[in-house]
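Text of data-v7.pdb, listed as PDB, C-alpha atoms and all ligand atoms:
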```pdb
ATOM      1  CA  MET A   1     -36.314   9.874  16.135  1.00  0.00           C
ATOM      2  CA  THR A   2     -32.946  10.309  17.758  1.00  0.00           C
ATOM      3  CA  GLN A   3     -33.106   8.521  21.046  1.00  0.00           C
ATOM      4  CA  ASN A   4     -29.557   8.133  22.173  1.00  0.00           C
ATOM      5  CA  PRO A   5     -27.265  10.232  20.039  1.00  0.00           C
ATOM      6  CA  GLY A   6     -24.570  10.449  22.660  1.00  0.00           C
ATOM      7  CA  LYS A   7     -24.555   6.836  23.734  1.00  0.00           C
ATOM      8  CA  PRO A   8     -20.893   5.861  23.761  1.00  0.00           C
ATOM      9  CA  VAL A   9     -19.653   3.009  21.634  1.00  0.00           C
ATOM     10  CA  SER A  10     -17.236   0.878  23.592  1.00  0.00           C
ATOM     11  CA  PRO A  11     -14.022  -0.335  21.941  1.00  0.00           C
ATOM     12  CA  ALA A  12     -15.458  -3.847  21.860  1.00  0.00           C
ATOM     13  CA  ASP A  13     -18.604  -2.607  20.112  1.00  0.00           C
ATOM     14  CA  LEU A  14     -16.447  -0.962  17.476  1.00  0.00           C
ATOM     15  CA  ARG A  15     -15.544  -4.324  16.015  1.00  0.00           C
ATOM     16  CA  ALA A  16     -19.064  -5.713  16.275  1.00  0.00           C
ATOM     17  CA  LEU A  17     -21.343  -2.744  15.757  1.00  0.00           C
ATOM     18  CA  ASP A  18     -24.982  -3.235  14.884  1.00  0.00           C
ATOM     19  CA  ILE A  19     -24.745  -0.841  11.981  1.00  0.00           C
ATOM     20  CA  TYR A  20     -28.443  -1.131  11.104  1.00  0.00           C
ATOM     21  CA  GLU A  21     -29.462  -0.107  14.593  1.00  0.00           C
ATOM     22  CA  PHE A  22     -26.808   2.637  14.498  1.00  0.00           C
ATOM     23  CA  ALA A  23     -28.295   4.051  11.297  1.00  0.00           C
ATOM     24  CA  GLU A  24     -31.958   3.569  12.095  1.00  0.00           C
ATOM     25  CA  SER A  25     -31.738   5.270  15.473  1.00  0.00           C
ATOM     26  CA  GLY A  26     -29.558   8.061  14.115  1.00  0.00           C
ATOM     27  CA  ARG A  27     -26.796   7.431  16.562  1.00  0.00           C
ATOM     28  CA  GLN A  28     -23.526   9.292  16.724  1.00  0.00           C
ATOM     29  CA  ALA A  29     -20.243   8.073  18.083  1.00  0.00           C
ATOM     30  CA  ALA A  30     -16.681   9.292  18.230  1.00  0.00           C
ATOM     31  CA  GLY A  31     -13.380   7.992  19.439  1.00  0.00           C
ATOM     32  CA  ALA A  32      -9.684   7.622  18.862  1.00  0.00           C
ATOM     33  CA  LEU A  33      -7.753   4.824  17.221  1.00  0.00           C
ATOM     34  CA  ARG A  34      -4.025   4.312  17.503  1.00  0.00           C
ATOM     35  CA  VAL A  35      -2.006   3.265  14.478  1.00  0.00           C
ATOM     36  CA  SER A  36      -0.930   0.213  16.487  1.00  0.00           C
ATOM     37  CA  GLN A  37      -4.565  -0.937  16.416  1.00  0.00           C
ATOM     38  CA  MET A  38      -4.444  -0.934  12.598  1.00  0.00           C
ATOM     39  CA  PRO A  39      -1.717  -3.382  11.510  1.00  0.00           C
ATOM     40  CA  ARG A  40      -1.836  -2.527   7.816  1.00  0.00           C
ATOM     41  CA  MET A  41      -1.386   1.151   8.649  1.00  0.00           C
ATOM     42  CA  LEU A  42       1.393   0.400  11.100  1.00  0.00           C
ATOM     43  CA  ALA A  43       3.218  -1.470   8.328  1.00  0.00           C
ATOM     44  CA  GLU A  44       3.423   1.818   6.386  1.00  0.00           C
ATOM     45  CA  VAL A  45       5.269   3.645   9.170  1.00  0.00           C
ATOM     46  CA  PRO A  46       9.037   3.703   8.625  1.00  0.00           C
ATOM     47  CA  ALA A  47      11.200   2.275  11.385  1.00  0.00           C
ATOM     48  CA  GLU A  48      13.037   5.619  11.588  1.00  0.00           C
ATOM     49  CA  ALA A  49       9.869   7.536  12.444  1.00  0.00           C
ATOM     50  CA  PRO A  50      10.163   9.641  15.606  1.00  0.00           C
ATOM     51  CA  GLU A  51       6.756   8.306  16.645  1.00  0.00           C
ATOM     52  CA  ARG A  52       5.191   5.144  15.262  1.00  0.00           C
ATOM     53  CA  ASP A  53       1.958   4.952  17.232  1.00  0.00           C
ATOM     54  CA  THR A  54       0.142   8.172  16.356  1.00  0.00           C
ATOM     55  CA  VAL A  55      -3.579   8.679  16.967  1.00  0.00           C
ATOM     56  CA  PHE A  56      -6.506   9.191  14.612  1.00  0.00           C
ATOM     57  CA  THR A  57      -9.806  10.590  15.809  1.00  0.00           C
ATOM     58  CA  TRP A  58     -13.013   9.484  14.150  1.00  0.00           C
ATOM     59  CA  GLN A  59     -16.685  10.422  14.176  1.00  0.00           C
ATOM     60  CA  GLY A  60     -19.540   8.311  12.903  1.00  0.00           C
ATOM     61  CA  GLU A  61     -23.147   9.257  12.372  1.00  0.00           C
ATOM     62  CA  GLY A  62     -26.011   7.023  11.370  1.00  0.00           C
ATOM     63  CA  SER A  63     -29.057   8.161   9.457  1.00  0.00           C
ATOM     64  CA  THR A  64     -31.765   7.005   7.106  1.00  0.00           C
ATOM     65  CA  GLN A  65     -32.901   8.520   3.838  1.00  0.00           C
ATOM     66  CA  PRO A  66     -36.066   7.652   1.978  1.00  0.00           C
ATOM     67  CA  GLU A  67     -35.534   5.783  -1.264  1.00  0.00           C
ATOM     68  CA  LEU A  68     -37.947   4.723  -3.935  1.00  0.00           C
ATOM     69  CA  GLN A  69     -38.579   0.971  -3.824  1.00  0.00           C
ATOM     70  CA  ASP A  70     -39.438  -1.404  -6.643  1.00  0.00           C
ATOM     71  CA  ASP A  71     -43.064  -1.317  -5.515  1.00  0.00           C
ATOM     72  CA  GLY A  72     -43.186   2.455  -5.960  1.00  0.00           C
ATOM     73  CA  THR A  73     -43.203   3.387  -2.289  1.00  0.00           C
ATOM     74  CA  ASP A  74     -40.573   5.262  -0.334  1.00  0.00           C
ATOM     75  CA  ALA A  75     -38.782   3.398   2.424  1.00  0.00           C
ATOM     76  CA  PRO A  76     -36.051   4.638   4.751  1.00  0.00           C
ATOM     77  CA  GLN A  77     -32.631   3.227   3.906  1.00  0.00           C
ATOM     78  CA  PRO A  78     -29.635   3.118   6.249  1.00  0.00           C
ATOM     79  CA  TYR A  79     -26.642   5.429   5.837  1.00  0.00           C
ATOM     80  CA  LEU A  80     -23.401   5.925   7.680  1.00  0.00           C
ATOM     81  CA  ARG A  81     -21.236   9.009   7.604  1.00  0.00           C
ATOM     82  CA  LEU A  82     -17.658   8.600   8.732  1.00  0.00           C
ATOM     83  CA  ALA A  83     -14.965  11.201   9.315  1.00  0.00           C
ATOM     84  CA  VAL A  84     -11.402  10.390  10.341  1.00  0.00           C
ATOM     85  CA  HIS A  85      -8.575  12.841  10.992  1.00  0.00           C
ATOM     86  CA  GLY A  86      -5.016  12.489  12.135  1.00  0.00           C
ATOM     87  CA  SER A  87      -1.403  12.189  11.131  1.00  0.00           C
ATOM     88  CA  MET A  88       1.052   9.373  10.665  1.00  0.00           C
ATOM     89  CA  TRP A  89       4.710   9.149   9.768  1.00  0.00           C
ATOM     90  CA  LEU A  90       5.612   8.066   6.262  1.00  0.00           C
ATOM     91  CA  MET A  91       8.863   7.861   4.342  1.00  0.00           C
ATOM     92  CA  CYS A  92       9.420  10.727   1.914  1.00  0.00           C
ATOM     93  CA  GLN A  93      10.202   9.159  -1.463  1.00  0.00           C
ATOM     94  CA  ARG A  94      12.124  12.254  -2.560  1.00  0.00           C
ATOM     95  CA  CYS A  95      14.557  12.809   0.292  1.00  0.00           C
ATOM     96  CA  LEU A  96      14.155   9.463   2.113  1.00  0.00           C
ATOM     97  CA  GLN A  97      13.444  11.042   5.469  1.00  0.00           C
ATOM     98  CA  PRO A  98      10.368  10.312   7.577  1.00  0.00           C
ATOM     99  CA  TYR A  99       7.757  13.042   7.593  1.00  0.00           C
ATOM    100  CA  SER A 100       4.361  13.501   9.218  1.00  0.00           C
ATOM    101  CA  GLN A 101       1.464  13.085   6.780  1.00  0.00           C
ATOM    102  CA  HIS A 102      -1.981  14.424   7.693  1.00  0.00           C
ATOM    103  CA  LEU A 103      -4.895  12.280   6.534  1.00  0.00           C
ATOM    104  CA  ASP A 104      -8.556  13.233   6.294  1.00  0.00           C
ATOM    105  CA  VAL A 105     -11.430  10.935   5.506  1.00  0.00           C
ATOM    106  CA  ASP A 106     -15.000  12.128   5.087  1.00  0.00           C
ATOM    107  CA  ALA A 107     -17.193   9.473   3.537  1.00  0.00           C
ATOM    108  CA  THR A 108     -20.892   8.689   3.283  1.00  0.00           C
ATOM    109  CA  TYR A 109     -22.002   5.096   2.837  1.00  0.00           C
ATOM    110  CA  ARG A 110     -25.249   3.590   1.770  1.00  0.00           C
ATOM    111  CA  ILE A 111     -25.557   0.387   3.760  1.00  0.00           C
ATOM    112  CA  VAL A 112     -26.801  -2.581   1.742  1.00  0.00           C
ATOM    113  CA  ALA A 113     -27.582  -6.131   2.839  1.00  0.00           C
ATOM    114  CA  THR A 114     -25.450  -8.254   0.514  1.00  0.00           C
ATOM    115  CA  GLU A 115     -22.436  -8.160  -1.805  1.00  0.00           C
ATOM    116  CA  GLU A 116     -24.790  -8.703  -4.750  1.00  0.00           C
ATOM    117  CA  GLU A 117     -26.800  -5.687  -3.761  1.00  0.00           C
ATOM    118  CA  ALA A 118     -23.595  -3.673  -3.420  1.00  0.00           C
ATOM    119  CA  ASP A 119     -22.477  -4.699  -6.925  1.00  0.00           C
ATOM    120  CA  GLU A 120     -25.826  -3.750  -8.404  1.00  0.00           C
ATOM    121  CA  TYR A 121     -26.138  -0.462  -6.570  1.00  0.00           C
ATOM    122  CA  PRO A 122     -26.232   2.395  -9.089  1.00  0.00           C
ATOM    123  CA  LEU A 123     -23.219   4.559  -8.332  1.00  0.00           C
ATOM    124  CA  ASP A 124     -24.531   7.664 -10.022  1.00  0.00           C
ATOM    125  CA  ASP A 125     -23.602   9.683  -6.983  1.00  0.00           C
ATOM    126  CA  ASP A 126     -19.864  10.114  -6.455  1.00  0.00           C
ATOM    127  CA  GLU A 127     -20.465  11.306  -2.940  1.00  0.00           C
ATOM    128  CA  VAL A 128     -21.865   8.017  -1.714  1.00  0.00           C
ATOM    129  CA  GLU A 129     -20.037   4.719  -1.364  1.00  0.00           C
ATOM    130  CA  VAL A 130     -21.659   1.369  -0.711  1.00  0.00           C
ATOM    131  CA  ILE A 131     -20.868  -1.001   2.126  1.00  0.00           C
ATOM    132  CA  VAL A 132     -22.390  -4.294   3.105  1.00  0.00           C
ATOM    133  CA  GLY A 133     -23.953  -3.953   6.525  1.00  0.00           C
ATOM    134  CA  SER A 134     -23.933  -6.345   9.420  1.00  0.00           C
ATOM    135  CA  ARG A 135     -25.318  -6.635  12.930  1.00  0.00           C
ATOM    136  CA  GLN A 136     -21.677  -7.132  13.908  1.00  0.00           C
ATOM    137  CA  PHE A 137     -19.977  -4.615  11.680  1.00  0.00           C
ATOM    138  CA  ASN A 138     -16.239  -4.036  12.114  1.00  0.00           C
ATOM    139  CA  LEU A 139     -15.936  -0.254  12.141  1.00  0.00           C
ATOM    140  CA  VAL A 140     -12.193  -0.428  12.871  1.00  0.00           C
ATOM    141  CA  ASP A 141     -11.665  -2.329   9.611  1.00  0.00           C
ATOM    142  CA  LEU A 142     -13.631   0.279   7.693  1.00  0.00           C
ATOM    143  CA  ILE A 143     -11.655   3.119   9.264  1.00  0.00           C
ATOM    144  CA  GLU A 144      -8.363   1.373   8.477  1.00  0.00           C
ATOM    145  CA  GLU A 145      -9.490   0.667   4.915  1.00  0.00           C
ATOM    146  CA  GLU A 146     -10.408   4.308   4.328  1.00  0.00           C
ATOM    147  CA  LEU A 147      -7.138   5.540   5.811  1.00  0.00           C
ATOM    148  CA  LEU A 148      -5.158   3.173   3.578  1.00  0.00           C
ATOM    149  CA  LEU A 149      -7.064   4.474   0.559  1.00  0.00           C
ATOM    150  CA  SER A 150      -6.319   8.052   1.569  1.00  0.00           C
ATOM    151  CA  LEU A 151      -2.555   7.487   1.680  1.00  0.00           C
ATOM    152  CA  PRO A 152      -0.675   9.446  -0.998  1.00  0.00           C
ATOM    153  CA  LEU A 153       0.452   7.320  -3.954  1.00  0.00           C
ATOM    154  CA  VAL A 154       3.929   8.757  -3.638  1.00  0.00           C
ATOM    155  CA  PRO A 155       4.491   9.901  -0.070  1.00  0.00           C
ATOM    156  CA  LYS A 156       6.629  13.007   0.061  1.00  0.00           C
ATOM    157  CA  HIS A 157       7.156  16.286   1.840  1.00  0.00           C
ATOM    158  CA  ASN A 158       5.401  19.262   0.291  1.00  0.00           C
ATOM    159  CA  VAL A 159       8.821  20.838   0.448  1.00  0.00           C
ATOM    160  CA  CYS A 160      11.732  18.663   1.472  1.00  0.00           C
ATOM    161  CA  PRO A 161      13.816  20.187   4.236  1.00  0.00           C
ATOM    162  CA  GLU A 162      17.038  21.620   2.939  1.00  0.00           C
ATOM    163  CA  VAL A 163      20.103  20.065   4.407  1.00  0.00           C
ATOM    164  CA  HIS A 164      22.425  22.865   5.444  1.00  0.00           C
ATOM    165  CA  GLU A 165      25.644  22.746   3.450  1.00  0.00           C
ATOM    166  CA  SER A 166      27.732  22.645   6.610  1.00  0.00           C
ATOM    167  CA  LEU A 167      26.088  19.298   7.459  1.00  0.00           C
ATOM    168  CA  LEU A 168      26.988  17.751   4.137  1.00  0.00           C
ATOM    169  CA  PRO A 169      30.093  15.654   3.728  1.00  0.00           C
ATOM    170  CA  ALA A 170      32.637  17.216   1.416  1.00  0.00           C
ATOM    171  CA  GLY A 171      31.631  16.735  -2.198  1.00  0.00           C
ATOM    172  CA  GLY A 172      28.064  15.909  -1.266  1.00  0.00           C
ATOM    173  CA  GLU A 173      24.941  17.081  -3.003  1.00  0.00           C
ATOM    174  CA  GLY A 174      21.771  18.357  -1.421  1.00  0.00           C
ATOM    175  CA  GLU A 175      19.682  15.218  -1.080  1.00  0.00           C
ATOM    176  CA  ALA A 176      21.513  13.192   1.542  1.00  0.00           C
ATOM    177  CA  ALA A 177      19.150  11.411   3.894  1.00  0.00           C
ATOM    178  CA  GLU A 178      21.256  10.544   6.860  1.00  0.00           C
ATOM    179  CA  GLY A 179      24.704  11.735   6.044  1.00  0.00           C
ATOM    180  CA  GLY A 180      27.593   9.497   5.183  1.00  0.00           C
ATOM    181  CA  GLU A 181      26.643   6.097   3.831  1.00  0.00           C
ATOM    182  CA  GLN A 182      24.557   7.143   0.888  1.00  0.00           C
ATOM    183  CA  GLU A 183      26.932   9.877  -0.101  1.00  0.00           C
ATOM    184  CA  ALA A 184      29.871   7.513   0.092  1.00  0.00           C
ATOM    185  CA  GLU A 185      28.158   5.187  -2.358  1.00  0.00           C
ATOM    186  CA  GLN A 186      27.843   7.911  -4.920  1.00  0.00           C
ATOM    187  CA  ASP A 187      30.729   8.647  -7.176  1.00  0.00           C
ATOM    188  CA  VAL A 188      30.455  12.356  -7.455  1.00  0.00           C
ATOM    189  CA  VAL A 189      31.980  13.113 -10.785  1.00  0.00           C
ATOM    190  CA  LYS A 190      29.883  16.046 -11.849  1.00  0.00           C
ATOM    191  CA  PRO A 191      30.930  19.552 -10.861  1.00  0.00           C
ATOM    192  CA  ASN A 192      30.123  20.162  -7.246  1.00  0.00           C
ATOM    193  CA  PRO A 193      27.610  23.016  -6.990  1.00  0.00           C
ATOM    194  CA  PHE A 194      28.846  23.789  -3.498  1.00  0.00           C
ATOM    195  CA  ALA A 195      32.388  24.338  -4.650  1.00  0.00           C
ATOM    196  CA  VAL A 196      31.279  27.710  -6.004  1.00  0.00           C
ATOM    197  CA  LEU A 197      29.758  28.608  -2.657  1.00  0.00           C
ATOM    198  CA  GLU A 198      32.852  27.465  -0.815  1.00  0.00           C
ATOM    199  CA  LYS A 199      34.924  29.723  -3.005  1.00  0.00           C
ATOM    200  CA  LEU A 200      32.718  32.694  -2.260  1.00  0.00           C
ATOM    201  CA  LYS A 201      32.779  31.929   1.443  1.00  0.00           C
ATOM    202  CA  SER A 202      36.518  31.553   1.640  1.00  0.00           C
ATOM    203  CA  SER A 203      36.988  34.967   0.102  1.00  0.00           C
ATOM    204  CA  GLY A 204      34.434  36.465   2.452  1.00  0.00           C
ATOM    205  CA  PRO A 205      31.157  38.231   1.741  1.00  0.00           C
ATOM    206  CA  ASP A 206      32.979  41.093   0.045  1.00  0.00           C
ATOM    207  CA  GLY A 207      35.074  38.706  -1.973  1.00  0.00           C
ATOM    208  CA  LYS A 208      34.687  40.674  -5.146  1.00  0.00           C
ATOM    209  CA  LYS A 209      36.437  43.679  -3.704  1.00  0.00           C
ATOM    210  CA  HIS A 210      39.626  41.858  -2.802  1.00  0.00           C
TER     211      HIS A 210
HETATM  212 ZN    ZN B 301      11.363  14.910   1.608  1.00  0.00          ZN
END
```
Let me see the structure of the file written as structure tokens.
Amino acid sequence: MTQNPGKPVSPADLRALDIYEFAESGRQAAGALRVSQMPRMLAEVPAEAPERDTVFTWQGEGSTQPELQDDGTDAPQPYLRLAVHGSMWLMCQRCLQPYSQHLDVDATYRIVATEEEADEYPLDDDEVEVIVGSRQFNLVDLIEEELLLSLPLVPKHNVCPEVHESLLPAGGEGEAAEGGEQEAEQDVVKPNPFAVLEKLKSSGPDGKKH
């Protein structure tokens, strides 16, 4: 029976949630977490990011599902469903500029009592993960853990922004991050692809006809 589905979970409760009670009474909760509340996430945000302390929203829902016991009877077992959505700034590994990465987590956990039980739990169902429950469960840690796992292995723009040629230092190529320094370090010995463009430009759009 759902008694108190809308009962709010206070920020303090979030780090000491009775996850068994949450599951058994089918509670739901939702909230927002700032990146600054998740130190390991914050460490991933580049210093150059326009905004470091972005917000993730989360929803949690407890439930029970009957499971066959060793003695042949069905007994309700605790589950948690967790969804987290939001964006954070990461450093693009291709163009070395910060970009905003959207992250989505949607996970279902079977709550078990001990680490041993978690290790033994048959993971024949890819959709369900296993967590060790507690009467003082740290939901913030779980959310942070899931977000860290959802980070791309190689963070990068889907399509890196093109740097307009007029913004490039003379002789530069297309991948400059912040202008001068990096370009200056490169000895550009290969033919400059922009030289061709410059030539066309200097003779005007109808260059061919001159
Ligand atoms: Zn990029």
- Item | Near-ligand residues for ligand ZN 301 (chain B), threshold 6 Å, all atoms listed in the file, as a PyMOL selection string | chain A and resi 92+94-95+97+156-157+160
- Task: Could you give me, as a PyMOL selection string, the residues within 10 Å of Asp53 (chain A), counting only C-alpha atoms and dropping anything in the same chain fewer than 4 positions from it?
- Result: chain A and resi 33-38+41-42+45+49+88-89
Using the chain letters and residue numbers of this document, give as a PDB file with C-alpha atoms, in the coordinates of the input the residues selected by the PyMOL selection byres (((chain A and resi 129-132) around 12) and not hetatm).
```pdb
ATOM      1  CA  ILE A  19     -24.745  -0.841  11.981  1.00  0.00           C
ATOM      2  CA  TYR A  20     -28.443  -1.131  11.104  1.00  0.00           C
ATOM      3  CA  PRO A  78     -29.635   3.118   6.249  1.00  0.00           C
ATOM      4  CA  TYR A  79     -26.642   5.429   5.837  1.00  0.00           C
ATOM      5  CA  LEU A  80     -23.401   5.925   7.680  1.00  0.00           C
ATOM      6  CA  ARG A  81     -21.236   9.009   7.604  1.00  0.00           C
ATOM      7  CA  LEU A  82     -17.658   8.600   8.732  1.00  0.00           C
ATOM      8  CA  ASP A 106     -15.000  12.128   5.087  1.00  0.00           C
ATOM      9  CA  ALA A 107     -17.193   9.473   3.537  1.00  0.00           C
ATOM     10  CA  THR A 108     -20.892   8.689   3.283  1.00  0.00           C
ATOM     11  CA  TYR A 109     -22.002   5.096   2.837  1.00  0.00           C
ATOM     12  CA  ARG A 110     -25.249   3.590   1.770  1.00  0.00           C
ATOM     13  CA  ILE A 111     -25.557   0.387   3.760  1.00  0.00           C
ATOM     14  CA  VAL A 112     -26.801  -2.581   1.742  1.00  0.00           C
ATOM     15  CA  ALA A 113     -27.582  -6.131   2.839  1.00  0.00           C
ATOM     16  CA  THR A 114     -25.450  -8.254   0.514  1.00  0.00           C
ATOM     17  CA  GLU A 115     -22.436  -8.160  -1.805  1.00  0.00           C
ATOM     18  CA  GLU A 116     -24.790  -8.703  -4.750  1.00  0.00           C
ATOM     19  CA  GLU A 117     -26.800  -5.687  -3.761  1.00  0.00           C
ATOM     20  CA  ALA A 118     -23.595  -3.673  -3.420  1.00  0.00           C
ATOM     21  CA  ASP A 119     -22.477  -4.699  -6.925  1.00  0.00           C
ATOM     22  CA  GLU A 120     -25.826  -3.750  -8.404  1.00  0.00           C
ATOM     23  CA  TYR A 121     -26.138  -0.462  -6.570  1.00  0.00           C
ATOM     24  CA  PRO A 122     -26.232   2.395  -9.089  1.00  0.00           C
ATOM     25  CA  LEU A 123     -23.219   4.559  -8.332  1.00  0.00           C
ATOM     26  CA  ASP A 124     -24.531   7.664 -10.022  1.00  0.00           C
ATOM     27  CA  ASP A 125     -23.602   9.683  -6.983  1.00  0.00           C
ATOM     28  CA  ASP A 126     -19.864  10.114  -6.455  1.00  0.00           C
ATOM     29  CA  GLU A 127     -20.465  11.306  -2.940  1.00  0.00           C
ATOM     30  CA  VAL A 128     -21.865   8.017  -1.714  1.00  0.00           C
ATOM     31  CA  GLY A 133     -23.953  -3.953   6.525  1.00  0.00           C
ATOM     32  CA  SER A 134     -23.933  -6.345   9.420  1.00  0.00           C
ATOM     33  CA  ARG A 135     -25.318  -6.635  12.930  1.00  0.00           C
ATOM     34  CA  GLN A 136     -21.677  -7.132  13.908  1.00  0.00           C
ATOM     35  CA  PHE A 137     -19.977  -4.615  11.680  1.00  0.00           C
ATOM     36  CA  ASN A 138     -16.239  -4.036  12.114  1.00  0.00           C
ATOM     37  CA  LEU A 139     -15.936  -0.254  12.141  1.00  0.00           C
ATOM     38  CA  ASP A 141     -11.665  -2.329   9.611  1.00  0.00           C
ATOM     39  CA  LEU A 142     -13.631   0.279   7.693  1.00  0.00           C
ATOM     40  CA  GLU A 145      -9.490   0.667   4.915  1.00  0.00           C
ATOM     41  CA  GLU A 146     -10.408   4.308   4.328  1.00  0.00           C
TER      42      GLU A 146
END
```
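Taking CA of Glu24 (chain A) and CA of Gly62 (chain A) as the two end points, the separation is 6.9 Å.
The residues returned by the PyMOL selection byres (((chain A and resi 31) around 6) and not hetatm) for this structure are A:Ala30, A:Ala32, A:Thr57, A:Trp58.
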- Item | Nearest residue to Ala23 (chain A) from the set A:Gln69, A:Ser87, A:Thr64, A:Gln93 (distances using all atoms listed in the file) |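 Closest to Ala23 (chain A), using all atoms listed in the file: A:Thr64.
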- Message: I need the residue nearest Met91 (chain A) from this list: A:Ala29, A:Leu149, A:Ala47, A:Val159. Use all atoms listed in the file for the distance.
- Response: A:Ala47
At a cut-off of 6 Å around the point (-3.1, 13.0, 17.5) (file coordinates), what residues fall inside when counting all atoms listed in the file? I'd like the answer as a PDB file with C-alpha atoms, in the coordinates of the input.
```pdb
ATOM      1  CA  THR A  54       0.142   8.172  16.356  1.00  0.00           C
ATOM      2  CA  VAL A  55      -3.579   8.679  16.967  1.00  0.00           C
ATOM      3  CA  PHE A  56      -6.506   9.191  14.612  1.00  0.00           C
ATOM      4  CA  GLY A  86      -5.016  12.489  12.135  1.00  0.00           C
TER       5      GLY A  86
END
```
Padding of 3 Å on every side, edges along x, y and z, all listed atoms of region 135-154 of chain A included: what centre and edge lengths in Å, to one decimal, does that box have, as JSON?
```
{"center_x": -10.7, "center_y": 1.2, "center_z": 5.0, "size_x": 35.2, "size_y": 22.6, "size_z": 23.9}
```
- Message: Just checking: using only C-alpha atoms, which residue out of A:Asp104, A:Asp70, A:Asp13, A:Glu144 ends up closest to Ala43 (chain A)?
- Response: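 Closest to Ala43 (chain A), using only C-alpha atoms: A:Glu144.
Across the model, the gap from CA of Leu103 (chain A) to CA of Pro161 (chain A) is 20.4 Å.
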- Item | Answer as an NGL selection string, residues within 8 Å of (-2.5, 10.7, 1.5) using only C-alpha atoms | :A and (101-103 or 149-153 or 155)
